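Chemist: I'd like to ask some things about the structure below.
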Amino acid sequence: MVRVKKRRQQRVTLLAVGEGDCDAAFLKHLKGLYCSDKQGVNITVRNAHGKGPEHVVDFTHRQLGDYSKRVAFLDTDIPWMDVVHKNARKSKIELVGSEPCLEGLLLRILGEPVRECVESKTLKRQLRELTGKNMTEHEHYAAQFSRETIEAARGRIGTLDRLICHFEGK
């Protein structure tokens, strides 16, 4: 009798790097919502600990591992210089920007208006007043950012849709 080995399907692997603590916590929250029970994409979330767009791309590039995709999730309040785009292309890193910062994206998800020229610290304060949390831990997102809330916002926020598409392996 000939035994036929069953081939295991290789899962897509994604490295998702957040610019700072809150960004990484949000990415971990999305991972929990979209990639639980070993279904879909196998995601590794890392924190670049700030220092600007150039550092985030460099940090993402230096992460060891054979990932199918690499995504750097960073704020757009500091302009991305041409070298950031060039290094990201060269390292096959997709840049996903939250405008003007993560807190602005989160407020939009919750249906709150966000003016374009408002400073990040103002948006951070507004989000903290609304949620009662500083959003640095992925558990802080569960109450206000359920899968239903995020799915409802996904159709109107292109950045959120792009990010979730990566988590879904699209």
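Letters for chains follow the order of the structure tokens (A, B, ...), residue numbers begin at 1 for each chain, and ligand numbers begin at 1 in the order shown.
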Determine which residues of region 5-169 of chain A DSSP labels as strand (DSSP E or B) from the backbone of this structure, then write them out as number ranges by chain.

Modeler: A: 13-18, 42-47, 69-75, 93-98

Chemist: Just N, CA and C atoms for this one: save the residues we selected as a CSV table (one decimal), in the first residue's frame.

Modeler:
```csv
chain,number,residue,atom,x,y,z
A,13,THR,N,2.1,34.9,5.4
A,13,THR,CA,2.6,35.6,6.6
A,13,THR,C,2.8,37.1,6.4
A,14,LEU,N,2.4,37.9,7.4
A,14,LEU,CA,2.5,39.3,7.3
A,14,LEU,C,3.2,39.9,8.5
A,15,LEU,N,4.1,40.8,8.2
A,15,LEU,CA,4.8,41.6,9.3
A,15,LEU,C,4.1,42.9,9.2
A,16,ALA,N,3.4,43.3,10.3
A,16,ALA,CA,2.8,44.6,10.4
A,16,ALA,C,3.5,45.4,11.5
A,17,VAL,N,4.1,46.5,11.1
A,17,VAL,CA,4.9,47.3,12.1
A,17,VAL,C,4.1,48.6,12.3
A,18,GLY,N,3.8,48.9,13.6
A,18,GLY,CA,3.2,50.1,14.0
A,18,GLY,C,4.2,51.2,14.3
A,42,ASN,N,-1.1,34.6,9.0
A,42,ASN,CA,-0.3,34.5,10.2
A,42,ASN,C,0.4,35.9,10.3
A,43,ILE,N,0.1,36.6,11.4
A,43,ILE,CA,0.6,38.0,11.5
A,43,ILE,C,1.5,38.2,12.7
A,44,THR,N,2.6,38.9,12.4
A,44,THR,CA,3.5,39.3,13.5
A,44,THR,C,3.4,40.8,13.6
A,45,VAL,N,3.1,41.3,14.8
A,45,VAL,CA,3.0,42.8,15.0
A,45,VAL,C,4.2,43.2,15.7
A,46,ARG,N,4.8,44.3,15.3
A,46,ARG,CA,6.0,44.9,15.9
A,46,ARG,C,5.8,46.4,16.1
A,47,ASN,N,6.5,46.9,17.1
A,47,ASN,CA,6.4,48.3,17.4
A,47,ASN,C,7.8,49.0,17.1
A,69,LYS,N,4.4,39.3,3.1
A,69,LYS,CA,4.2,40.8,3.0
A,69,LYS,C,4.7,41.5,4.2
A,70,ARG,N,5.1,42.8,4.0
A,70,ARG,CA,5.5,43.6,5.1
A,70,ARG,C,4.7,44.9,4.9
A,71,VAL,N,4.1,45.4,6.0
A,71,VAL,CA,3.3,46.6,6.0
A,71,VAL,C,3.8,47.5,7.2
A,72,ALA,N,4.1,48.8,6.9
A,72,ALA,CA,4.4,49.8,7.9
A,72,ALA,C,3.2,50.7,8.0
A,73,PHE,N,2.7,50.8,9.2
A,73,PHE,CA,1.5,51.6,9.5
A,73,PHE,C,2.0,52.8,10.3
A,74,LEU,N,1.9,54.0,9.6
A,74,LEU,CA,2.5,55.2,10.3
A,74,LEU,C,1.6,56.4,10.0
A,75,ASP,N,1.8,57.4,10.8
A,75,ASP,CA,1.1,58.7,10.7
A,75,ASP,C,1.6,59.5,9.5
A,93,ILE,N,8.1,47.0,1.1
A,93,ILE,CA,7.3,47.3,2.3
A,93,ILE,C,6.1,48.2,1.8
A,94,GLU,N,4.9,47.8,2.1
A,94,GLU,CA,3.8,48.7,1.8
A,94,GLU,C,3.6,49.7,2.9
A,95,LEU,N,3.4,50.9,2.5
A,95,LEU,CA,3.2,52.0,3.5
A,95,LEU,C,1.7,52.2,3.6
A,96,VAL,N,1.2,52.2,4.8
A,96,VAL,CA,-0.2,52.5,5.1
A,96,VAL,C,-0.3,53.7,6.1
A,97,GLY,N,-0.8,54.8,5.7
A,97,GLY,CA,-0.8,56.0,6.5
A,97,GLY,C,-2.1,56.3,7.1
A,98,SER,N,-2.1,56.7,8.4
A,98,SER,CA,-3.3,57.1,9.1
A,98,SER,C,-3.3,58.7,9.1
```

Chemist: Counting only C-alpha atoms, give me one row per residue of region 11-106 of chain A with an atom at most 9 Å from an atom of region 130-149 of chain A, showing the shortest contact pair and its distance in Å to one decimal, sorted by chain then residue number, as CSV.

Modeler:
```
residue,atom,partner,partner_atom,distance
A:Gly20,CA,A:Thr136,CA,8.8
A:Asp21,CA,A:Thr136,CA,5.4
A:Cys22,CA,A:Thr136,CA,4.4
A:Asp23,CA,A:Thr136,CA,8.0
A:Ala24,CA,A:His138,CA,8.0
A:Ala25,CA,A:His138,CA,4.3
A:Phe26,CA,A:His138,CA,5.9
A:Leu27,CA,A:His138,CA,8.0
A:Lys28,CA,A:His138,CA,5.9
A:His29,CA,A:His138,CA,5.2
A:Leu30,CA,A:Arg147,CA,8.5
A:Leu33,CA,A:Arg147,CA,6.3
A:Tyr34,CA,A:Arg147,CA,8.4
A:Leu106,CA,A:Phe145,CA,8.5
```

Chemist: Tell me which protein, DNA and RNA residues are within 12 Å of Leu160 (chain A), counting only C-alpha atoms, leaving out same-chain ones fewer than 2 positions away, and put them as a ChimeraX atom specification.

Modeler: /A:26-27,30,73,96-99,102,104-106,108-109,149-158,162-167

Chemist: Generate a file of the selected residues that holds C-alpha atoms, formatted as a compact mmCIF listing (two decimals), in the first residue's frame.

Modeler:
```txt
# COMPACT_ATOMS: atom_id res chain seq x y z
CA PHE A 26 -4.43 48.76 17.23
CA LEU A 27 -2.73 46.32 14.84
CA LEU A 30 -7.20 43.94 14.29
CA PHE A 73 1.51 51.59 9.52
CA VAL A 96 -0.25 52.53 5.05
CA GLY A 97 -0.79 55.98 6.50
CA SER A 98 -3.31 57.14 9.07
CA GLU A 99 -4.34 60.74 8.48
CA LEU A 102 -3.85 57.05 14.45
CA GLY A 104 -7.66 60.79 13.78
CA LEU A 105 -8.34 57.43 12.15
CA LEU A 106 -9.87 56.05 15.35
CA ARG A 108 -13.31 58.68 12.16
CA ILE A 109 -14.07 55.01 12.82
CA THR A 149 -17.97 49.03 14.25
CA ILE A 150 -14.83 48.54 12.18
CA GLU A 151 -16.70 46.84 9.33
CA ALA A 152 -19.22 49.70 9.27
CA ALA A 153 -16.37 52.23 8.98
CA ARG A 154 -14.39 50.20 6.47
CA GLY A 155 -16.50 51.27 3.50
CA ARG A 156 -15.95 54.98 4.15
CA ILE A 157 -12.31 54.94 5.28
CA GLY A 158 -9.95 53.75 2.56
CA ARG A 162 -6.41 48.70 2.91
CA LEU A 163 -5.13 47.65 6.31
CA ILE A 164 -7.84 45.04 6.84
CA CYS A 165 -7.31 43.66 3.31
CA HIS A 166 -3.74 42.81 4.35
CA PHE A 167 -5.04 41.06 7.46
```

Chemist: Step one, run DSSP on the backbone; step two, keep only residues of chain A assigned to helix (DSSP H, G or I); then write them as number ranges by chain.

Modeler: A: 21-34, 53-62, 82-90, 102-109, 120-131, 138-141, 147-154, 158-167

Chemist: Quick one: of A:Val4, A:Val57, A:Val41, A:Ala48, who's nearest to Ser91 (chain A), counting only C-alpha atoms?

Modeler: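 Distance minimum relative to Ser91 (chain A) lands on A:Val57.
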
Chemist: Would you mind listing, for every residue of region 62-107 of chain A within 7 Å of region 119-128 of chain A, the two atoms forming the shortest contact and the distance between them in Å to one decimal, using only C-alpha atoms, sorted by chain and ascending residue number, as a tab-separated table?

Modeler:
```
residue	atom	partner	partner_atom	distance
A:Cys101	CA	A:Ser120	CA	6.4
A:Glu103	CA	A:Lys124	CA	5.7
A:Gly104	CA	A:Leu123	CA	6.1
A:Leu107	CA	A:Leu127	CA	6.5
```

Chemist: Work out how far CA of Trp80 (chain A) is from CA of Gly111 (chain A), in Å to one decimal.

Modeler: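 Distance between the two atoms: 27.0 Å.
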
Chemist: Rounded to one decimal in Å, what is the spacing between CA of His55 (chain A) and CA of Thr76 (chain A)?

Modeler: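 For CA of His55 (chain A) relative to CA of Thr76 (chain A), the distance reads 13.8 Å.
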
Chemist: Just to confirm, what's the straight-line distance from CA of Ala88 (chain A) to CA of Ser36 (chain A) in Å (one decimal)?

Modeler: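 Between CA of Ala88 (chain A) and CA of Ser36 (chain A) the gap is 28.3 Å.
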